[in-house]
$ cat data-v6.pdb   # PDB, C-alpha atoms, pLDDT in the B column
ATOM      1  CA  MET A1456     161.819  25.684   2.473  1.00 40.00           C
ATOM      2  CA  ARG A1457     164.298  23.267   4.018  1.00 54.00           C
ATOM      3  CA  LEU A1458     165.410  20.361   1.831  1.00 56.00           C
ATOM      4  CA  ILE A1459     166.400  16.984   3.209  1.00 65.00           C
ATOM      5  CA  ASP A1460     168.478  14.139   1.851  1.00 70.00           C
ATOM      6  CA  ALA A1461     165.774  11.512   1.396  1.00 69.00           C
ATOM      7  CA  GLU A1462     168.247   8.651   1.095  1.00 73.00           C
ATOM      8  CA  LYS A1463     169.883   9.554   4.420  1.00 78.00           C
ATOM      9  CA  LEU A1464     166.456   9.836   6.013  1.00 78.00           C
ATOM     10  CA  ILE A1465     165.535   6.361   4.767  1.00 76.00           C
ATOM     11  CA  LEU A1466     168.783   4.935   6.171  1.00 81.00           C
ATOM     12  CA  HIS A1467     168.042   6.571   9.533  1.00 79.00           C
ATOM     13  CA  LEU A1468     164.463   5.270   9.517  1.00 82.00           C
ATOM     14  CA  ASN A1469     165.690   1.756   8.655  1.00 81.00           C
ATOM     15  CA  ASP A1470     168.067   1.846  11.635  1.00 84.00           C
ATOM     16  CA  TYR A1471     165.242   3.067  13.854  1.00 81.00           C
ATOM     17  CA  ALA A1472     162.900   0.356  12.540  1.00 82.00           C
ATOM     18  CA  LEU A1473     165.453  -2.339  13.360  1.00 81.00           C
ATOM     19  CA  ALA A1474     165.802  -0.966  16.892  1.00 82.00           C
ATOM     20  CA  GLU A1475     162.008  -0.915  17.339  1.00 81.00           C
ATOM     21  CA  ALA A1476     161.262  -4.294  15.758  1.00 83.00           C
ATOM     22  CA  PRO A1477     159.207  -6.564  18.042  1.00 82.00           C
ATOM     23  CA  ASP A1478     161.321  -8.894  20.145  1.00 83.00           C
ATOM     24  CA  GLU A1479     160.163 -12.251  21.544  1.00 83.00           C
ATOM     25  CA  ARG A1480     161.706 -11.318  24.903  1.00 88.00           C
ATOM     26  CA  GLU A1481     159.137  -8.518  25.301  1.00 86.00           C
ATOM     27  CA  SER A1482     155.788  -8.962  27.000  1.00 88.00           C
ATOM     28  CA  ALA A1483     152.695  -9.224  24.774  1.00 88.00           C
ATOM     29  CA  ASP A1484     151.814  -5.563  25.455  1.00 89.00           C
ATOM     30  CA  GLU A1485     155.358  -4.409  24.703  1.00 87.00           C
ATOM     31  CA  ARG A1486     155.381  -6.434  21.467  1.00 86.00           C
ATOM     32  CA  ARG A1487     152.057  -4.899  20.417  1.00 87.00           C
ATOM     33  CA  ILE A1488     153.467  -1.395  20.962  1.00 87.00           C
ATOM     34  CA  SER A1489     156.743  -2.286  19.223  1.00 84.00           C
ATOM     35  CA  LYS A1490     154.830  -3.686  16.263  1.00 87.00           C
ATOM     36  CA  ALA A1491     152.742  -0.494  15.978  1.00 89.00           C
ATOM     37  CA  VAL A1492     155.866   1.703  16.119  1.00 87.00           C
ATOM     38  CA  TYR A1493     157.674  -0.562  13.647  1.00 85.00           C
ATOM     39  CA  ASN A1494     154.755  -0.435  11.179  1.00 87.00           C
ATOM     40  CA  ALA A1495     154.524   3.358  11.532  1.00 87.00           C
ATOM     41  CA  ILE A1496     158.226   3.640  10.671  1.00 84.00           C
ATOM     42  CA  LEU A1497     157.768   1.378   7.624  1.00 85.00           C
ATOM     43  CA  ASN A1498     154.881   3.597   6.482  1.00 84.00           C
ATOM     44  CA  CYS A1499     157.148   6.645   6.819  1.00 83.00           C
ATOM     45  CA  ILE A1500     159.821   4.947   4.719  1.00 80.00           C
ATOM     46  CA  LYS A1501     157.231   4.102   2.059  1.00 80.00           C
ATOM     47  CA  ALA A1502     155.964   7.701   2.017  1.00 78.00           C
ATOM     48  CA  VAL A1503     159.494   9.092   1.597  1.00 75.00           C
ATOM     49  CA  GLU A1504     160.243   6.625  -1.214  1.00 72.00           C
ATOM     50  CA  GLU A1505     157.025   7.591  -3.006  1.00 67.00           C
ATOM     51  CA  GLN A1506     157.922  11.281  -2.741  1.00 66.00           C
ATOM     52  CA  MET A1507     161.286  10.541  -4.337  1.00 64.00           C
ATOM     53  CA  THR A1508     159.503   9.253  -7.460  1.00 62.00           C
ATOM     54  CA  ASP A1509     156.488  11.593  -7.311  1.00 72.00           C
ATOM     55  CA  GLY A1510     154.371   8.543  -6.568  1.00 74.00           C
ATOM     56  CA  TRP A1511     155.229   6.655  -9.787  1.00 83.00           C
ATOM     57  CA  ILE A1512     156.342   3.079  -9.209  1.00 85.00           C
ATOM     58  CA  PRO A1513     158.480   1.583 -11.991  1.00 86.00           C
ATOM     59  CA  ALA A1514     156.911  -1.619 -13.302  1.00 84.00           C
ATOM     60  CA  THR A1515     160.368  -3.192 -13.253  1.00 85.00           C
ATOM     61  CA  GLU A1516     160.467  -2.600  -9.491  1.00 84.00           C
ATOM     62  CA  ARG A1517     157.079  -4.066  -8.604  1.00 83.00           C
ATOM     63  CA  LEU A1518     153.522  -4.451  -9.844  1.00 82.00           C
ATOM     64  CA  PRO A1519     150.256  -3.991  -7.943  1.00 82.00           C
ATOM     65  CA  GLU A1520     149.409  -6.664  -5.419  1.00 80.00           C
ATOM     66  CA  GLU A1521     145.675  -6.241  -6.029  1.00 80.00           C
ATOM     67  CA  ASP A1522     143.441  -5.988  -9.078  1.00 77.00           C
ATOM     68  CA  GLY A1523     142.156  -2.450  -9.457  1.00 81.00           C
ATOM     69  CA  ILE A1524     142.276   0.865 -11.277  1.00 83.00           C
ATOM     70  CA  TYR A1525     145.603   2.733 -11.405  1.00 85.00           C
ATOM     71  CA  LEU A1526     147.287   5.644 -13.174  1.00 85.00           C
ATOM     72  CA  VAL A1527     149.587   4.044 -15.720  1.00 83.00           C
ATOM     73  CA  THR A1528     152.329   5.053 -18.155  1.00 83.00           C
ATOM     74  CA  PHE A1529     151.867   2.797 -21.189  1.00 78.00           C
ATOM     75  CA  SER A1530     154.334   2.287 -24.028  1.00 78.00           C
ATOM     76  CA  ASP A1531     153.552   0.734 -27.392  1.00 69.00           C
ATOM     77  CA  GLY A1532     157.201   0.743 -28.432  1.00 69.00           C
ATOM     78  CA  THR A1533     157.122   4.078 -30.256  1.00 71.00           C
ATOM     79  CA  ARG A1534     155.319   6.409 -27.849  1.00 72.00           C
ATOM     80  CA  ARG A1535     154.418   6.675 -24.201  1.00 73.00           C
ATOM     81  CA  THR A1536     151.039   7.731 -22.894  1.00 72.00           C
ATOM     82  CA  VAL A1537     149.638   8.279 -19.444  1.00 73.00           C
ATOM     83  CA  GLY A1538     146.180   6.998 -18.763  1.00 68.00           C
ATOM     84  CA  TYR A1539     144.184   5.116 -16.241  1.00 68.00           C
ATOM     85  CA  GLY A1540     143.779   1.430 -16.502  1.00 70.00           C
ATOM     86  CA  THR A1541     142.739  -1.685 -14.737  1.00 71.00           C
ATOM     87  CA  CYS A1542     145.228  -4.258 -13.644  1.00 71.00           C
ATOM     88  CA  GLN A1543     143.948  -7.801 -13.712  1.00 66.00           C
ATOM     89  CA  ARG A1544     145.901 -10.720 -12.371  1.00 64.00           C
ATOM     90  CA  THR A1545     143.172 -13.271 -12.978  1.00 65.00           C
ATOM     91  CA  VAL A1546     140.478 -13.850 -15.563  1.00 66.00           C
ATOM     92  CA  PHE A1547     137.631 -16.158 -14.556  1.00 73.00           C
ATOM     93  CA  GLY A1548     139.713 -17.223 -11.560  1.00 73.00           C
ATOM     94  CA  ARG A1549     142.745 -18.219 -13.627  1.00 71.00           C
ATOM     95  CA  PRO A1550     146.056 -16.394 -13.135  1.00 68.00           C
ATOM     96  CA  ILE A1551     147.285 -14.373 -16.137  1.00 63.00           C
ATOM     97  CA  GLY A1552     150.248 -12.554 -14.616  1.00 64.00           C
ATOM     98  CA  HIS A1553     149.511  -8.821 -14.865  1.00 67.00           C
ATOM     99  CA  GLY A1554     147.281  -7.721 -17.726  1.00 68.00           C
ATOM    100  CA  TRP A1555     146.476  -4.038 -18.223  1.00 73.00           C
ATOM    101  CA  TYR A1556     143.486  -2.518 -19.943  1.00 71.00           C
ATOM    102  CA  ASP A1557     143.659   1.181 -20.895  1.00 72.00           C
ATOM    103  CA  LEU A1558     140.229   2.502 -19.880  1.00 70.00           C
ATOM    104  CA  TYR A1559     140.624   5.670 -21.969  1.00 70.00           C
ATOM    105  CA  ALA A1560     141.792   4.175 -25.258  1.00 71.00           C
ATOM    106  CA  GLY A1561     140.112   0.796 -24.854  1.00 70.00           C
ATOM    107  CA  SER A1562     143.359  -1.063 -25.504  1.00 71.00           C
ATOM    108  CA  TYR A1563     144.794  -4.124 -23.801  1.00 69.00           C
ATOM    109  CA  TYR A1564     148.477  -4.136 -22.874  1.00 68.00           C
ATOM    110  CA  ALA A1565     150.670  -6.973 -21.712  1.00 66.00           C
ATOM    111  CA  ASP A1566     152.587  -6.190 -18.549  1.00 61.00           C
ATOM    112  CA  ARG A1567     155.784  -5.502 -20.520  1.00 68.00           C
ATOM    113  CA  CYS A1568     154.076  -2.434 -22.068  1.00 77.00           C
ATOM    114  CA  VAL A1569     153.598  -0.766 -18.691  1.00 80.00           C
ATOM    115  CA  ILE A1570     156.481   1.539 -17.773  1.00 83.00           C
ATOM    116  CA  ALA A1571     155.208   2.754 -14.387  1.00 85.00           C
ATOM    117  CA  TRP A1572     152.032   2.936 -12.314  1.00 85.00           C
ATOM    118  CA  MET A1573     150.642   4.564  -9.200  1.00 86.00           C
ATOM    119  CA  PRO A1574     147.537   4.194  -7.062  1.00 86.00           C
ATOM    120  CA  LEU A1575     144.728   6.668  -7.694  1.00 84.00           C
ATOM    121  CA  PRO A1576     144.660   9.560  -5.222  1.00 81.00           C
ATOM    122  CA  GLU A1577     141.961   9.842  -2.589  1.00 82.00           C
ATOM    123  CA  CYS A1578     138.844  11.764  -3.572  1.00 84.00           C
ATOM    124  CA  TYR A1579     138.683  15.448  -2.697  1.00 84.00           C
ATOM    125  CA  LYS A1580     136.950  16.125   0.605  1.00 83.00           C
ATOM    126  CA  GLU A1581     135.584  19.550   1.428  1.00 84.00           C
ATOM    127  CA  GLU A1582     136.461  20.961   4.798  1.00 80.00           C
ATOM    128  CA  LYS A1583     133.466  21.295   7.097  1.00 76.00           C
ATOM    129  CA  GLU A1584     132.921  24.676   8.672  1.00 71.00           C
ATOM    130  CA  ASN A1585     132.524  24.846  12.429  1.00 67.00           C
ATOM    131  CA  GLY A1586     129.227  26.266  13.591  1.00 54.00           C
TER     132      GLY A1586
END

$ encode --input "data-v6.pdb" --output "structure tokens"
Amino acid sequence: MRLIDAEKLILHLNDYALAEAPDERESADERRISKAVYNAILNCIKAVEEQMTDGWIPATERLPEEDGIYLVTFSDGTRRTVGYGTCQRTVFGRPIGHGWYDLYAGSYYADRCVIAWMPLPECYKEEKENG
């Protein structure tokens, strides 16, 4: 197996993204293609960054942009547990910051009790046989 320096790869991809960024001097078709290439490069950067942390996103770095169910590392001050929880940013339409509810333990945590989180993986899909 060949190992790569992920940080160097990200730097290279950033340089490439800057070179491919849409430019107002391009035609509409060229801008559309540039935007697609640029977004593909940004997705590659995101994938490399997620691999560097095994998919865990530190809560100090960023929190989910959408309400939903996530894998979460909770801390109550004395111990850390991994579970799955819902992140709610609003209750009855009113913003609450980021509130977390541990679906396994049935406990509510303020956002400061969340150490890291990650999106749930896609569901398993069986391969279809040809024939």

$ atom_distance --input "data-v6.pdb" --atom1 "CA of Glu1521 in chain A" --atom2 "CA of Asn1498 in chain A"
18.4 Å

$ resolve_selection --input "data-v6.pdb" --expression "the PyMOL selection byres ((chain A and resi 1526) around 10)" --output "number ranges by chain"
A: 1511, 1524-1525, 1527-1529, 1537-1541, 1557, 1571-1576

$ atom_distance --input "data-v6.pdb" --atom1 "CA of Ala1514 in chain A" --atom2 "CA of Cys1542 in chain A"
12.0 Å

$ atom_distance --input "data-v6.pdb" --atom1 "CA of Ile1570 in chain A" --atom2 "CA of Ser1530 in chain A"
6.7 Å

$ resolve_selection --input "data-v6.pdb" --expression "the PyMOL selection byres ((chain A and resi 1468-1484) around 9)" --output "JSON, numbers by chain"
{"A": [1463, 1464, 1465, 1466, 1467, 1485, 1486, 1487, 1488, 1489, 1490, 1492, 1493, 1494, 1495, 1496, 1497, 1499, 1500]}
